[in-house]
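Written out below as structure tokens is the structure these notes cover.
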Amino acid sequence: MKTKVPSFISRVSFLLALAGAFIGVLIGWNNGDEMGWALLRGAVLFLAFGFISRWWLGSMAKAWLESRVESLTSPTKAVETRPTARA
């Protein structure tokens with residue numbers, strides 16, 4: 001079942017993608033690449049950071065929510081009753 005991604009995950013992953021693009025452009029520029037290649041490297045890192053951060057934040061939020069649900073449910077264990085032994 002596909003659920004809607006919360007807005008904070010989309011916003012944070014976009015900001016991390018922008019940071020990745022900036023890092024990619026800086027790496028390309030410092031390596032002496034031309035501006036086009038630096039921008040291409042930035043675009044690739046933009047996509048990589050965006051997809052990876054969205055997956056990572058989504059899985060962390062899912063794990064956190066599952067742990068919260070498990071902690072809220074009461075631990076109901078079936079009590080085993082043994083039949084009395086007849087001699």
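By convention in this document, the chains of the structure tokens carry letters A, B, ... by their order, each chain's residues are numbered from 1, and ligands are numbered from 1 in the order they are shown.
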Practice problem: Write out as JSON, numbers by chain which residues come within 9 Å of region 56-71 of chain A when counting only C-alpha atoms, dropping same-chain ones fewer than 4 positions away. | Solution: {"A": [5, 6, 9, 12, 13, 51, 52, 75]}
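Considering the residues A:Ile23, A:Arg54, A:Gly36, A:Asn30 and counting only C-alpha atoms, Ser10 (chain A) has its shortest atom-to-atom contact with A:Arg54.
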Self-check item: d(CA of Ala43 (chain A), CA of Asn31 (chain A)) in Å
Solution: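 Separation of CA of Ala43 (chain A) and CA of Asn31 (chain A): 16.3 Å.
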Practice problem: Identify all residues of chain A in alpha helix (DSSP H) (DSSP on the backbone) and supply them as a PyMOL selection string. | Solution: chain A and resi 7-30+35-72
Quiz item: In Å, how far is it from CA of Leu26 (chain A) to CA of Val44 (chain A)?
Solution: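 That distance, rounded to one decimal, is 13.1 Å.
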Which residues, written as a compact mmCIF listing (two decimals) with N, CA and C atoms, in the first residue's frame, have at least one atom at most 8 Å from Ala38 (chain A), with only C-alpha atoms counted and residues fewer than 2 positions away on the same chain left out?
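Saved to out.txt:
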```txt
# COMPACT_ATOMS: atom_id res chain seq x y z
N GLY A 24 28.50 19.20 -5.42
CA GLY A 24 28.94 18.74 -6.73
C GLY A 24 29.53 19.85 -7.58
N VAL A 25 28.90 21.01 -7.56
CA VAL A 25 29.43 22.14 -8.33
C VAL A 25 30.76 22.60 -7.75
N LEU A 26 30.87 22.63 -6.43
CA LEU A 26 32.14 23.03 -5.81
C LEU A 26 33.26 22.04 -6.13
N ILE A 27 32.95 20.75 -6.09
CA ILE A 27 33.97 19.75 -6.42
C ILE A 27 34.42 19.92 -7.87
N GLY A 28 33.46 20.06 -8.77
CA GLY A 28 33.81 20.24 -10.17
C GLY A 28 34.60 21.50 -10.43
N TRP A 29 34.22 22.59 -9.78
CA TRP A 29 34.91 23.86 -9.97
C TRP A 29 36.33 23.80 -9.41
N ASP A 33 37.26 21.76 -13.68
CA ASP A 33 36.35 21.43 -14.77
C ASP A 33 35.73 22.71 -15.33
N GLU A 34 35.23 22.59 -16.54
CA GLU A 34 34.48 23.71 -17.10
C GLU A 34 33.14 23.80 -16.38
N MET A 35 32.47 24.92 -16.54
CA MET A 35 31.23 25.15 -15.82
C MET A 35 30.15 24.13 -16.17
N GLY A 36 30.09 23.71 -17.43
CA GLY A 36 29.09 22.73 -17.84
C GLY A 36 29.27 21.39 -17.14
N LEU A 40 26.88 19.58 -14.45
CA LEU A 40 26.42 18.20 -14.65
C LEU A 40 26.69 17.35 -13.41
N ARG A 41 27.88 17.52 -12.83
CA ARG A 41 28.20 16.80 -11.60
C ARG A 41 27.25 17.22 -10.48
N GLY A 42 26.93 18.50 -10.42
CA GLY A 42 25.98 18.99 -9.42
C GLY A 42 24.60 18.42 -9.63
```
Quiz item: In Å to one decimal, how far is CA of Ala17 (chain A) from CA of Leu45 (chain A)?
Solution: 7.3 Å
